[in-house]
>>> print(open('model-v7.cif').read())   # mmCIF, C-alpha atoms, pLDDT in the B column; chains and numbers go by the auth columns
data_my_file
loop_
_atom_site.group_PDB
_atom_site.id
_atom_site.type_symbol
_atom_site.label_atom_id
_atom_site.label_comp_id
_atom_site.label_asym_id
_atom_site.label_seq_id
_atom_site.Cartn_x
_atom_site.Cartn_y
_atom_site.Cartn_z
_atom_site.B_iso_or_equiv
_atom_site.auth_seq_id
_atom_site.auth_asym_id
ATOM 1 C CA MET A 1 -25.747 207.241 -142.253 47.00 1 A
ATOM 2 C CA ILE A 2 -24.981 203.762 -143.571 51.00 2 A
ATOM 3 C CA ARG A 3 -26.853 202.000 -140.758 47.00 3 A
ATOM 4 C CA THR A 4 -30.076 203.950 -141.279 39.00 4 A
ATOM 5 C CA ALA A 5 -29.980 203.369 -145.015 44.00 5 A
ATOM 6 C CA THR A 6 -29.355 199.687 -144.445 44.00 6 A
ATOM 7 C CA PHE A 7 -32.332 199.352 -142.078 43.00 7 A
ATOM 8 C CA ALA A 8 -34.577 200.861 -144.740 40.00 8 A
ATOM 9 C CA ALA A 9 -33.120 198.693 -147.503 48.00 9 A
ATOM 10 C CA LEU A 10 -33.448 195.512 -145.454 47.00 10 A
ATOM 11 C CA ALA A 11 -37.060 196.292 -144.639 43.00 11 A
ATOM 12 C CA PHE A 12 -37.841 197.005 -148.286 42.00 12 A
ATOM 13 C CA LEU A 13 -36.189 193.805 -149.489 47.00 13 A
ATOM 14 C CA VAL A 14 -37.983 191.623 -146.962 42.00 14 A
ATOM 15 C CA LEU A 15 -41.328 193.142 -147.902 41.00 15 A
ATOM 16 C CA ALA A 16 -40.553 192.876 -151.615 43.00 16 A
ATOM 17 C CA GLY A 17 -39.510 189.261 -151.259 45.00 17 A
ATOM 18 C CA THR A 18 -42.660 188.416 -149.361 42.00 18 A
ATOM 19 C CA ALA A 19 -44.792 190.170 -151.954 41.00 19 A
ATOM 20 C CA GLN A 20 -43.053 188.296 -154.756 46.00 20 A
ATOM 21 C CA ALA A 21 -43.656 184.978 -153.020 43.00 21 A
ATOM 22 C CA GLN A 22 -47.330 185.798 -152.554 42.00 22 A
ATOM 23 C CA ALA A 23 -47.671 187.003 -156.140 41.00 23 A
ATOM 24 C CA THR A 24 -46.185 183.835 -157.663 43.00 24 A
ATOM 25 C CA PRO A 25 -49.003 181.834 -159.241 42.00 25 A
ATOM 26 C CA GLN A 26 -49.818 178.724 -157.234 43.00 26 A
ATOM 27 C CA SER A 27 -51.781 176.224 -159.230 41.00 27 A
ATOM 28 C CA ALA A 28 -51.748 173.830 -156.294 40.00 28 A
ATOM 29 C CA PRO A 29 -49.894 173.205 -153.061 44.00 29 A
ATOM 30 C CA GLU A 30 -46.672 171.282 -153.352 41.00 30 A
ATOM 31 C CA SER A 31 -47.684 167.673 -153.808 39.00 31 A
ATOM 32 C CA ALA A 32 -45.964 164.464 -152.887 39.00 32 A
ATOM 33 C CA SER A 33 -44.903 164.129 -156.530 38.00 33 A
ATOM 34 C CA GLN A 34 -43.031 167.435 -156.251 55.00 34 A
ATOM 35 C CA GLY A 35 -41.237 166.173 -153.179 71.00 35 A
ATOM 36 C CA ALA A 36 -40.479 167.876 -149.908 89.00 36 A
ATOM 37 C CA GLY A 37 -37.339 169.584 -151.072 96.00 37 A
ATOM 38 C CA SER A 38 -33.752 168.371 -151.114 98.00 38 A
ATOM 39 C CA TRP A 39 -30.558 168.522 -149.073 98.00 39 A
ATOM 40 C CA SER A 40 -27.063 169.558 -150.135 98.00 40 A
ATOM 41 C CA PHE A 41 -23.810 169.475 -148.182 98.00 41 A
ATOM 42 C CA SER A 42 -20.522 171.355 -148.389 98.00 42 A
ATOM 43 C CA PHE A 43 -17.282 171.572 -146.437 98.00 43 A
ATOM 44 C CA GLY A 44 -13.812 172.949 -146.872 98.00 44 A
ATOM 45 C CA ALA A 45 -10.703 174.561 -145.439 98.00 45 A
ATOM 46 C CA ALA A 46 -8.589 177.649 -146.072 98.00 46 A
ATOM 47 C CA THR A 47 -5.424 179.319 -144.841 98.00 47 A
ATOM 48 C CA ASP A 48 -7.406 182.046 -143.030 98.00 48 A
ATOM 49 C CA ASN A 49 -11.031 182.538 -141.960 98.00 49 A
ATOM 50 C CA ARG A 50 -12.033 185.857 -143.499 98.00 50 A
ATOM 51 C CA SER A 51 -15.434 187.460 -142.905 98.00 51 A
ATOM 52 C CA LYS A 52 -16.180 190.992 -144.049 98.00 52 A
ATOM 53 C CA ASP A 53 -12.501 191.159 -145.012 98.00 53 A
ATOM 54 C CA ALA A 54 -11.352 190.711 -141.376 98.00 54 A
ATOM 55 C CA SER A 55 -9.887 187.508 -139.951 98.00 55 A
ATOM 56 C CA LYS A 56 -11.910 185.371 -137.522 98.00 56 A
ATOM 57 C CA SER A 57 -8.979 182.998 -136.955 98.00 57 A
ATOM 58 C CA ARG A 58 -6.197 185.559 -136.323 96.00 58 A
ATOM 59 C CA GLY A 59 -4.544 184.646 -139.593 96.00 59 A
ATOM 60 C CA ASP A 60 -4.515 180.887 -138.971 97.00 60 A
ATOM 61 C CA ALA A 61 -6.026 178.122 -141.092 98.00 61 A
ATOM 62 C CA TYR A 62 -9.598 176.970 -140.473 98.00 62 A
ATOM 63 C CA ALA A 63 -12.212 174.406 -141.494 98.00 63 A
ATOM 64 C CA TRP A 64 -15.932 174.772 -142.134 98.00 64 A
ATOM 65 C CA GLY A 65 -18.999 172.757 -143.088 98.00 65 A
ATOM 66 C CA ALA A 66 -22.682 173.329 -143.871 98.00 66 A
ATOM 67 C CA ALA A 67 -25.873 171.501 -144.762 98.00 67 A
ATOM 68 C CA GLU A 68 -28.784 173.122 -146.597 98.00 68 A
ATOM 69 C CA TRP A 69 -32.369 172.069 -147.186 98.00 69 A
ATOM 70 C CA GLU A 70 -34.077 173.734 -150.169 98.00 70 A
ATOM 71 C CA SER A 71 -37.802 173.612 -150.895 98.00 71 A
ATOM 72 C CA ALA A 72 -39.027 171.971 -154.098 96.00 72 A
ATOM 73 C CA SER A 73 -39.812 175.440 -155.515 96.00 73 A
ATOM 74 C CA GLY A 74 -36.302 176.670 -154.706 97.00 74 A
ATOM 75 C CA LEU A 75 -37.723 179.679 -152.872 98.00 75 A
ATOM 76 C CA PHE A 76 -37.050 178.706 -149.252 98.00 76 A
ATOM 77 C CA TYR A 77 -33.982 177.204 -147.597 98.00 77 A
ATOM 78 C CA ALA A 78 -32.603 176.476 -144.136 98.00 78 A
ATOM 79 C CA GLY A 79 -29.768 174.624 -142.480 98.00 79 A
ATOM 80 C CA PRO A 80 -26.933 174.443 -139.932 98.00 80 A
ATOM 81 C CA GLY A 81 -23.220 175.084 -140.258 98.00 81 A
ATOM 82 C CA PHE A 82 -19.937 175.323 -138.354 98.00 82 A
ATOM 83 C CA GLU A 83 -16.540 176.985 -138.667 98.00 83 A
ATOM 84 C CA THR A 84 -13.400 177.040 -136.567 98.00 84 A
ATOM 85 C CA VAL A 85 -12.431 180.449 -135.162 98.00 85 A
ATOM 86 C CA LYS A 86 -10.119 182.129 -132.671 98.00 86 A
ATOM 87 C CA SER A 87 -12.549 184.532 -131.055 98.00 87 A
ATOM 88 C CA SER A 88 -12.043 187.222 -128.437 96.00 88 A
ATOM 89 C CA THR A 89 -14.644 185.285 -126.428 98.00 89 A
ATOM 90 C CA GLY A 90 -12.146 182.418 -126.038 98.00 90 A
ATOM 91 C CA SER A 91 -14.087 180.123 -128.372 98.00 91 A
ATOM 92 C CA GLU A 92 -12.524 178.107 -131.189 98.00 92 A
ATOM 93 C CA LEU A 93 -15.732 176.741 -132.715 98.00 93 A
ATOM 94 C CA GLU A 94 -18.731 178.678 -134.032 98.00 94 A
ATOM 95 C CA LEU A 95 -22.062 176.989 -134.825 98.00 95 A
ATOM 96 C CA GLU A 96 -24.926 178.541 -136.768 98.00 96 A
ATOM 97 C CA ALA A 97 -28.478 177.852 -137.893 98.00 97 A
ATOM 98 C CA GLY A 98 -30.238 179.959 -140.486 98.00 98 A
ATOM 99 C CA ALA A 99 -33.181 180.222 -142.838 98.00 99 A
ATOM 100 C CA GLY A 100 -34.057 182.401 -145.784 98.00 100 A
ATOM 101 C CA MET A 101 -35.684 182.850 -149.169 98.00 101 A
ATOM 102 C CA ARG A 102 -34.405 183.444 -152.713 98.00 102 A
ATOM 103 C CA PRO A 103 -37.052 185.289 -154.762 98.00 103 A
ATOM 104 C CA GLU A 104 -36.539 186.919 -158.154 97.00 104 A
ATOM 105 C CA ILE A 105 -37.837 190.450 -158.729 96.00 105 A
ATOM 106 C CA ALA A 106 -37.613 192.388 -162.006 96.00 106 A
ATOM 107 C CA GLY A 107 -34.696 190.301 -163.208 95.00 107 A
ATOM 108 C CA PHE A 108 -32.755 190.602 -159.937 98.00 108 A
ATOM 109 C CA ASP A 109 -31.996 187.610 -157.717 98.00 109 A
ATOM 110 C CA LEU A 110 -32.536 188.281 -154.016 98.00 110 A
ATOM 111 C CA ASP A 111 -31.255 186.256 -151.065 98.00 111 A
ATOM 112 C CA LEU A 112 -32.778 187.236 -147.709 98.00 112 A
ATOM 113 C CA ASN A 113 -31.843 185.328 -144.571 98.00 113 A
ATOM 114 C CA ALA A 114 -31.510 185.392 -140.796 98.00 114 A
ATOM 115 C CA THR A 115 -28.814 183.373 -139.009 98.00 115 A
ATOM 116 C CA TYR A 116 -28.295 182.633 -135.317 98.00 116 A
ATOM 117 C CA LYS A 117 -24.641 182.131 -134.307 98.00 117 A
ATOM 118 C CA TYR A 118 -23.292 180.488 -131.161 98.00 118 A
ATOM 119 C CA GLN A 119 -19.671 180.065 -130.081 98.00 119 A
ATOM 120 C CA ILE A 120 -18.815 176.914 -128.120 98.00 120 A
ATOM 121 C CA ASP A 121 -16.743 176.928 -124.886 98.00 121 A
ATOM 122 C CA ALA A 122 -16.505 180.714 -124.647 98.00 122 A
ATOM 123 C CA ASP A 123 -15.059 182.337 -121.536 98.00 123 A
ATOM 124 C CA PRO A 124 -17.527 182.659 -118.611 97.00 124 A
ATOM 125 C CA GLY A 125 -19.604 185.822 -119.012 97.00 125 A
ATOM 126 C CA ALA A 126 -18.531 186.412 -122.624 98.00 126 A
ATOM 127 C CA ASP A 127 -21.194 187.419 -125.142 98.00 127 A
ATOM 128 C CA ASN A 128 -21.010 184.359 -127.412 98.00 128 A
ATOM 129 C CA THR A 129 -24.304 184.569 -129.347 98.00 129 A
ATOM 130 C CA ALA A 130 -25.542 186.845 -132.126 98.00 130 A
ATOM 131 C CA TRP A 131 -28.232 187.229 -134.774 98.00 131 A
ATOM 132 C CA GLU A 132 -27.110 188.231 -138.265 98.00 132 A
ATOM 133 C CA LEU A 133 -29.465 189.511 -140.989 98.00 133 A
ATOM 134 C CA THR A 134 -28.362 189.451 -144.623 98.00 134 A
ATOM 135 C CA ALA A 135 -29.876 190.806 -147.842 98.00 135 A
ATOM 136 C CA ASP A 136 -28.161 190.184 -151.194 98.00 136 A
ATOM 137 C CA ILE A 137 -29.221 191.693 -154.521 98.00 137 A
ATOM 138 C CA LYS A 138 -27.588 189.959 -157.517 98.00 138 A
ATOM 139 C CA ARG A 139 -27.685 190.356 -161.282 98.00 139 A
ATOM 140 C CA SER A 140 -25.821 188.562 -164.064 98.00 140 A
ATOM 141 C CA ILE A 141 -25.599 189.603 -167.722 97.00 141 A
ATOM 142 C CA GLY A 142 -23.548 187.253 -169.858 97.00 142 A
ATOM 143 C CA PRO A 143 -20.195 186.638 -168.153 98.00 143 A
ATOM 144 C CA ALA A 144 -20.569 189.737 -165.927 98.00 144 A
ATOM 145 C CA SER A 145 -22.145 189.676 -162.468 98.00 145 A
ATOM 146 C CA ALA A 146 -22.715 192.107 -159.615 98.00 146 A
ATOM 147 C CA ARG A 147 -23.905 191.830 -156.021 98.00 147 A
ATOM 148 C CA VAL A 148 -24.854 194.338 -153.327 98.00 148 A
ATOM 149 C CA ARG A 149 -24.765 192.901 -149.807 98.00 149 A
ATOM 150 C CA LEU A 150 -26.376 194.469 -146.722 98.00 150 A
ATOM 151 C CA GLN A 151 -25.770 192.854 -143.323 98.00 151 A
ATOM 152 C CA HIS A 152 -26.704 193.866 -139.820 98.00 152 A
ATOM 153 C CA SER A 153 -26.514 192.476 -136.298 98.00 153 A
ATOM 154 C CA PRO A 154 -28.353 194.190 -133.439 98.00 154 A
ATOM 155 C CA ASP A 155 -25.720 192.862 -130.996 98.00 155 A
ATOM 156 C CA GLY A 156 -22.458 191.271 -132.111 98.00 156 A
ATOM 157 C CA MET A 157 -20.307 188.818 -130.203 97.00 157 A
ATOM 158 C CA GLY A 158 -17.744 189.751 -127.581 97.00 158 A
ATOM 159 C CA SER A 159 -17.587 193.462 -126.767 96.00 159 A
ATOM 160 C CA THR A 160 -18.952 194.487 -130.181 97.00 160 A
ATOM 161 C CA GLU A 161 -22.522 195.742 -130.072 98.00 161 A
ATOM 162 C CA ALA A 162 -24.626 196.602 -133.151 98.00 162 A
ATOM 163 C CA TRP A 163 -22.830 196.582 -136.503 98.00 163 A
ATOM 164 C CA THR A 164 -23.647 197.078 -140.188 98.00 164 A
ATOM 165 C CA TRP A 165 -21.791 195.906 -143.299 98.00 165 A
ATOM 166 C CA VAL A 166 -22.451 197.206 -146.835 98.00 166 A
ATOM 167 C CA ALA A 167 -20.468 195.787 -149.761 98.00 167 A
ATOM 168 C CA LEU A 168 -20.408 195.863 -153.566 98.00 168 A
ATOM 169 C CA ARG A 169 -18.949 192.951 -155.554 98.00 169 A
ATOM 170 C CA GLY A 170 -18.310 192.584 -159.272 98.00 170 A
ATOM 171 C CA GLY A 171 -17.393 189.405 -161.121 98.00 171 A
ATOM 172 C CA TRP A 172 -16.459 187.993 -164.520 98.00 172 A
ATOM 173 C CA ASP A 173 -16.670 184.413 -165.803 98.00 173 A
ATOM 174 C CA PHE A 174 -13.534 183.861 -167.900 98.00 174 A
ATOM 175 C CA SER A 175 -14.704 180.321 -168.662 98.00 175 A
ATOM 176 C CA ASP A 176 -17.145 177.761 -167.290 97.00 176 A
ATOM 177 C CA LYS A 177 -14.480 176.915 -164.692 98.00 177 A
ATOM 178 C CA LEU A 178 -12.647 180.180 -163.908 98.00 178 A
ATOM 179 C CA THR A 179 -14.308 183.196 -162.260 98.00 179 A
ATOM 180 C CA GLY A 180 -12.732 186.401 -160.983 98.00 180 A
ATOM 181 C CA THR A 181 -14.391 188.711 -158.423 98.00 181 A
ATOM 182 C CA ALA A 182 -13.520 191.894 -156.533 98.00 182 A
ATOM 183 C CA GLU A 183 -15.383 193.494 -153.617 98.00 183 A
ATOM 184 C CA ILE A 184 -15.232 196.602 -151.457 98.00 184 A
ATOM 185 C CA GLY A 185 -17.224 197.095 -148.260 98.00 185 A
ATOM 186 C CA ARG A 186 -17.692 199.304 -145.234 98.00 186 A
ATOM 187 C CA ARG A 187 -18.324 198.116 -141.661 98.00 187 A
ATOM 188 C CA GLU A 188 -19.605 200.403 -138.916 98.00 188 A
ATOM 189 C CA GLN A 189 -19.623 198.999 -135.372 97.00 189 A
ATOM 190 C CA ASP A 190 -20.699 200.169 -131.954 98.00 190 A
ATOM 191 C CA ALA A 191 -17.962 199.639 -129.332 96.00 191 A
ATOM 192 C CA SER A 192 -15.463 198.461 -131.977 95.00 192 A
ATOM 193 C CA ILE A 193 -13.481 199.616 -135.016 95.00 193 A
ATOM 194 C CA ASP A 194 -15.132 201.083 -138.130 98.00 194 A
ATOM 195 C CA TYR A 195 -13.230 200.119 -141.259 98.00 195 A
ATOM 196 C CA THR A 196 -13.280 199.734 -145.032 98.00 196 A
ATOM 197 C CA GLY A 197 -12.220 196.390 -146.493 98.00 197 A
ATOM 198 C CA TRP A 198 -11.651 194.978 -149.941 98.00 198 A
ATOM 199 C CA ASN A 199 -10.715 191.709 -151.593 98.00 199 A
ATOM 200 C CA ALA A 200 -10.054 190.297 -155.059 99.00 200 A
ATOM 201 C CA GLY A 201 -9.374 186.816 -156.315 98.00 201 A
ATOM 202 C CA PHE A 202 -10.228 183.813 -158.451 98.00 202 A
ATOM 203 C CA THR A 203 -12.177 180.581 -158.061 98.00 203 A
ATOM 204 C CA TYR A 204 -11.554 177.565 -160.259 98.00 204 A
ATOM 205 C CA ALA A 205 -13.794 174.498 -160.558 98.00 205 A
ATOM 206 C CA LEU A 206 -11.420 171.541 -160.421 98.00 206 A
ATOM 207 C CA THR A 207 -14.334 169.141 -160.846 98.00 207 A
ATOM 208 C CA ARG A 208 -18.108 169.403 -160.637 97.00 208 A
ATOM 209 C CA ASN A 209 -17.878 169.090 -156.824 98.00 209 A
ATOM 210 C CA ILE A 210 -14.475 170.578 -155.960 98.00 210 A
ATOM 211 C CA GLU A 211 -13.520 174.253 -156.162 98.00 211 A
ATOM 212 C CA ALA A 212 -10.228 176.009 -155.415 98.00 212 A
ATOM 213 C CA GLU A 213 -9.920 179.701 -154.514 98.00 213 A
ATOM 214 C CA VAL A 214 -7.100 182.212 -154.106 99.00 214 A
ATOM 215 C CA ARG A 215 -7.970 185.675 -152.802 99.00 215 A
ATOM 216 C CA TYR A 216 -6.228 188.797 -151.499 98.00 216 A
ATOM 217 C CA TYR A 217 -7.763 190.658 -148.513 98.00 217 A
ATOM 218 C CA ASP A 218 -6.953 194.004 -146.916 98.00 218 A
ATOM 219 C CA THR A 219 -8.520 196.731 -144.743 98.00 219 A
ATOM 220 C CA ASP A 220 -7.711 200.283 -143.728 98.00 220 A
ATOM 221 C CA ALA A 221 -7.670 199.296 -140.039 97.00 221 A
ATOM 222 C CA ASP A 222 -4.588 198.546 -137.880 93.00 222 A
ATOM 223 C CA PRO A 223 -2.170 196.591 -140.137 92.00 223 A
ATOM 224 C CA ALA A 224 -0.255 195.328 -137.079 93.00 224 A
ATOM 225 C CA ASN A 225 -3.373 193.475 -135.896 94.00 225 A
ATOM 226 C CA PRO A 226 -3.661 190.067 -137.639 93.00 226 A
ATOM 227 C CA GLN A 227 -7.443 190.501 -137.614 96.00 227 A
ATOM 228 C CA TYR A 228 -7.181 193.425 -140.057 97.00 228 A
ATOM 229 C CA ALA A 229 -3.814 192.853 -141.757 97.00 229 A
ATOM 230 C CA ASP A 230 -3.639 192.068 -145.458 98.00 230 A
ATOM 231 C CA ALA A 231 -3.297 188.437 -146.522 98.00 231 A
ATOM 232 C CA VAL A 232 -3.410 186.103 -149.492 98.00 232 A
ATOM 233 C CA VAL A 233 -5.828 183.289 -148.643 98.00 233 A
ATOM 234 C CA ALA A 234 -6.042 179.933 -150.441 98.00 234 A
ATOM 235 C CA GLY A 235 -8.936 177.527 -149.927 98.00 235 A
ATOM 236 C CA LEU A 236 -10.530 174.328 -151.153 98.00 236 A
ATOM 237 C CA SER A 237 -14.257 173.459 -150.955 98.00 237 A
ATOM 238 C CA PHE A 238 -16.282 170.311 -151.652 98.00 238 A
ATOM 239 C CA SER A 239 -20.030 170.083 -152.320 98.00 239 A
ATOM 240 C CA PHE A 240 -22.481 167.278 -152.951 97.00 240 A
#
>>> encode(input="model-v7.cif", output="structure tokens")
Amino acid sequence: MIRTATFAALAFLVLAGTAQAQATPQSAPESASQGAGSWSFSFGAATDNRSKDASKSRGDAYAWGAAEWESASGLFYAGPGFETVKSSTGSELELEAGAGMRPEIAGFDLDLNATYKYQIDADPGADNTAWELTADIKRSIGPASARVRLQHSPDGMGSTEAWTWVALRGGWDFSDKLTGTAEIGRREQDASIDYTGWNAGFTYALTRNIEAEVRYYDTDADPANPQYADAVVAGLSFSF
């Protein structure tokens, strides 16, 4: 079963990442000259808020923003974020705070993180909080790239209980500005719909700090429901 395999994979990746961090030679603790890390900021908007190929804004436009602190070594990171939603809980604003690590093992880049999510002004009694665990395994060779993503929540928001998402993405850098990617994933949920989703699209770096994206999304769930219906989504993001 996907969920059992994901549990095992997540546990392995966390242990492997911890082992890699402990095995990295440490000539000395991070000194004042190395600094205490750095902050970066990003924000943007798009014509639809898609997560795991399903819409979190019922097909409407949304805005988002995030701040991230990264350690001087680049291994650890943490930070808050927000996004506008149209949730079944009645909320239209979701806040999050997360932390993680990005080790490298045998030529593969890992990204392991845990994020706490909270939806503002939800209906009384609605389940408006959730923990989300993510493990990414990435590899790039020349212009080609690939990523396997494993995500799990022990208790989702609203009526959804535990869920698991497993996805495979492939990409190609056509130039230093234009990248194309395609992804297919499977989501299994307790007390909600199981579905397969996919997306494909392009990102283009307009400047060093501005990126545009156009992407097509679809699922095999109810096409009459705007949460699962297909859509072409355009977005713009800024980072500094």
>>> resolve_selection(input="model-v7.cif", expression="the PyMOL selection byres ((chain A and resi 206) around 12)", output="PyMOL selection string")
chain A and resi 176-178+203-205+207-213+236-239
>>> residues_around(input="model-v7.cif", residues="Pro143 of chain A", least_positions_apart="3", cutoff="12 Å", atoms="only C-alpha atoms", output="list of chain:residue names")
A:Arg139, A:Ser140, A:Ala146, A:Gly170, A:Gly171, A:Trp172, A:Asp173, A:Phe174, A:Ser175, A:Asp176, A:Lys177, A:Leu178, A:Thr179, A:Gly180, A:Thr181
>>> residues_around(input="model-v7.cif", residues="segment 33-44 of chain A", least_positions_apart="5", cutoff="12 Å", atoms="all atoms listed in the file", output="compact mmCIF listing (two decimals) with C-alpha atoms, in the frame of the given file")
# COMPACT_ATOMS: atom_id res chain seq x y z
CA ALA A 28 -51.75 173.83 -156.29
CA ASN A 49 -11.03 182.54 -141.96
CA ALA A 61 -6.03 178.12 -141.09
CA TYR A 62 -9.60 176.97 -140.47
CA ALA A 63 -12.21 174.41 -141.49
CA TRP A 64 -15.93 174.77 -142.13
CA GLY A 65 -19.00 172.76 -143.09
CA ALA A 66 -22.68 173.33 -143.87
CA ALA A 67 -25.87 171.50 -144.76
CA GLU A 68 -28.78 173.12 -146.60
CA TRP A 69 -32.37 172.07 -147.19
CA GLU A 70 -34.08 173.73 -150.17
CA SER A 71 -37.80 173.61 -150.90
CA ALA A 72 -39.03 171.97 -154.10
CA SER A 73 -39.81 175.44 -155.51
CA GLY A 74 -36.30 176.67 -154.71
CA LEU A 75 -37.72 179.68 -152.87
CA PHE A 76 -37.05 178.71 -149.25
CA TYR A 77 -33.98 177.20 -147.60
CA ALA A 78 -32.60 176.48 -144.14
CA GLY A 79 -29.77 174.62 -142.48
CA PRO A 80 -26.93 174.44 -139.93
CA GLY A 81 -23.22 175.08 -140.26
CA PHE A 82 -19.94 175.32 -138.35
CA GLU A 83 -16.54 176.98 -138.67
CA THR A 84 -13.40 177.04 -136.57
CA ASN A 209 -17.88 169.09 -156.82
CA ILE A 210 -14.48 170.58 -155.96
CA GLU A 211 -13.52 174.25 -156.16
CA ALA A 212 -10.23 176.01 -155.42
CA GLU A 213 -9.92 179.70 -154.51
CA ALA A 234 -6.04 179.93 -150.44
CA GLY A 235 -8.94 177.53 -149.93
CA LEU A 236 -10.53 174.33 -151.15
CA SER A 237 -14.26 173.46 -150.96
CA PHE A 238 -16.28 170.31 -151.65
CA SER A 239 -20.03 170.08 -152.32
CA PHE A 240 -22.48 167.28 -152.95
>>> closest_residue(input="model-v7.cif", among="A:Gly125, A:Pro103, A:Gly185, A:Gly142", to="Ser159 of chain A", atoms="all atoms listed in the file")
A:Gly125
>>> closest_residue(input="model-v7.cif", among="A:Ser57, A:Thr160, A:Thr134, A:Gln151", to="Leu110 of chain A", atoms="all atoms listed in the file")
A:Thr134
>>> residues_around(input="model-v7.cif", residues="Arg147 of chain A", least_positions_apart="6", cutoff="7 Å", atoms="only C-alpha atoms", output="VMD selection string")
chain A and resid 136 to 139 168 to 170
>>> resolve_selection(input="model-v7.cif", expression="the PyMOL selection byres ((chain A and resi 56) around 9)", output="list in words")
Asp48, Asn49, Arg50, Ser51, Ala54, Ser55, Ser57, Arg58, Gly59, Asp60, Thr84, Val85, Lys86, Ser87 and Gln227 of chain A
>>> closest_residue(input="model-v7.cif", among="A:Met157, A:His152, A:Leu133, A:Tyr195", to="Glu94 of chain A", atoms="all atoms listed in the file")
A:Met157
>>> decode(input="model-v7.cif", residues="segment 174-192 of chain A", atoms="N, CA and C atoms", output="PDB file, in the first residue's frame")
ATOM      1  N   PHE A 174      15.711  24.103 -21.035  1.00  0.00           N
ATOM      2  CA  PHE A 174      15.914  24.423 -22.446  1.00  0.00           C
ATOM      3  C   PHE A 174      16.940  25.539 -22.611  1.00  0.00           C
ATOM      4  N   SER A 175      17.062  26.374 -21.587  1.00  0.00           N
ATOM      5  CA  SER A 175      18.057  27.442 -21.564  1.00  0.00           C
ATOM      6  C   SER A 175      18.260  27.830 -20.110  1.00  0.00           C
ATOM      7  N   ASP A 176      19.074  28.849 -19.854  1.00  0.00           N
ATOM      8  CA  ASP A 176      19.267  29.281 -18.475  1.00  0.00           C
ATOM      9  C   ASP A 176      18.060  30.045 -17.952  1.00  0.00           C
ATOM     10  N   LYS A 177      17.065  30.290 -18.818  1.00  0.00           N
ATOM     11  CA  LYS A 177      15.853  30.986 -18.403  1.00  0.00           C
ATOM     12  C   LYS A 177      14.600  30.126 -18.478  1.00  0.00           C
ATOM     13  N   LEU A 178      14.545  29.196 -19.435  1.00  0.00           N
ATOM     14  CA  LEU A 178      13.326  28.419 -19.689  1.00  0.00           C
ATOM     15  C   LEU A 178      13.480  26.971 -19.230  1.00  0.00           C
ATOM     16  N   THR A 179      12.537  26.526 -18.386  1.00  0.00           N
ATOM     17  CA  THR A 179      12.523  25.153 -17.884  1.00  0.00           C
ATOM     18  C   THR A 179      11.136  24.560 -18.058  1.00  0.00           C
ATOM     19  N   GLY A 180      11.080  23.320 -18.526  1.00  0.00           N
ATOM     20  CA  GLY A 180       9.822  22.598 -18.638  1.00  0.00           C
ATOM     21  C   GLY A 180       9.797  21.426 -17.670  1.00  0.00           C
ATOM     22  N   THR A 181       8.658  21.182 -17.016  1.00  0.00           N
ATOM     23  CA  THR A 181       8.527  20.058 -16.085  1.00  0.00           C
ATOM     24  C   THR A 181       7.166  19.392 -16.260  1.00  0.00           C
ATOM     25  N   ALA A 182       7.104  18.115 -15.923  1.00  0.00           N
ATOM     26  CA  ALA A 182       5.854  17.360 -15.916  1.00  0.00           C
ATOM     27  C   ALA A 182       5.862  16.447 -14.702  1.00  0.00           C
ATOM     28  N   GLU A 183       4.690  16.242 -14.091  1.00  0.00           N
ATOM     29  CA  GLU A 183       4.602  15.463 -12.855  1.00  0.00           C
ATOM     30  C   GLU A 183       3.321  14.646 -12.838  1.00  0.00           C
ATOM     31  N   ILE A 184       3.403  13.468 -12.232  1.00  0.00           N
ATOM     32  CA  ILE A 184       2.224  12.648 -11.982  1.00  0.00           C
ATOM     33  C   ILE A 184       2.284  12.166 -10.543  1.00  0.00           C
ATOM     34  N   GLY A 185       1.131  12.181  -9.858  1.00  0.00           N
ATOM     35  CA  GLY A 185       1.114  11.790  -8.451  1.00  0.00           C
ATOM     36  C   GLY A 185      -0.170  11.083  -8.071  1.00  0.00           C
ATOM     37  N   ARG A 186      -0.124  10.449  -6.922  1.00  0.00           N
ATOM     38  CA  ARG A 186      -1.272   9.709  -6.394  1.00  0.00           C
ATOM     39  C   ARG A 186      -1.522  10.134  -4.951  1.00  0.00           C
ATOM     40  N   ARG A 187      -2.780  10.480  -4.638  1.00  0.00           N
ATOM     41  CA  ARG A 187      -3.149  10.866  -3.277  1.00  0.00           C
ATOM     42  C   ARG A 187      -4.190   9.895  -2.732  1.00  0.00           C
ATOM     43  N   GLU A 188      -3.883   9.331  -1.562  1.00  0.00           N
ATOM     44  CA  GLU A 188      -4.819   8.466  -0.857  1.00  0.00           C
ATOM     45  C   GLU A 188      -5.195   9.157   0.444  1.00  0.00           C
ATOM     46  N   GLN A 189      -6.534   9.243   0.703  1.00  0.00           N
ATOM     47  CA  GLN A 189      -7.026  10.001   1.846  1.00  0.00           C
ATOM     48  C   GLN A 189      -8.074   9.217   2.626  1.00  0.00           C
ATOM     49  N   ASP A 190      -8.006   9.323   3.928  1.00  0.00           N
ATOM     50  CA  ASP A 190      -9.053   8.766   4.774  1.00  0.00           C
ATOM     51  C   ASP A 190     -10.177   9.789   4.883  1.00  0.00           C
ATOM     52  N   ALA A 191     -11.406   9.348   4.671  1.00  0.00           N
ATOM     53  CA  ALA A 191     -12.605  10.190   4.759  1.00  0.00           C
ATOM     54  C   ALA A 191     -12.652  11.246   3.657  1.00  0.00           C
ATOM     55  N   SER A 192     -12.003  10.971   2.514  1.00  0.00           N
ATOM     56  CA  SER A 192     -12.063  11.877   1.370  1.00  0.00           C
ATOM     57  C   SER A 192     -11.719  11.098   0.100  1.00  0.00           C
TER      58      SER A 192
END
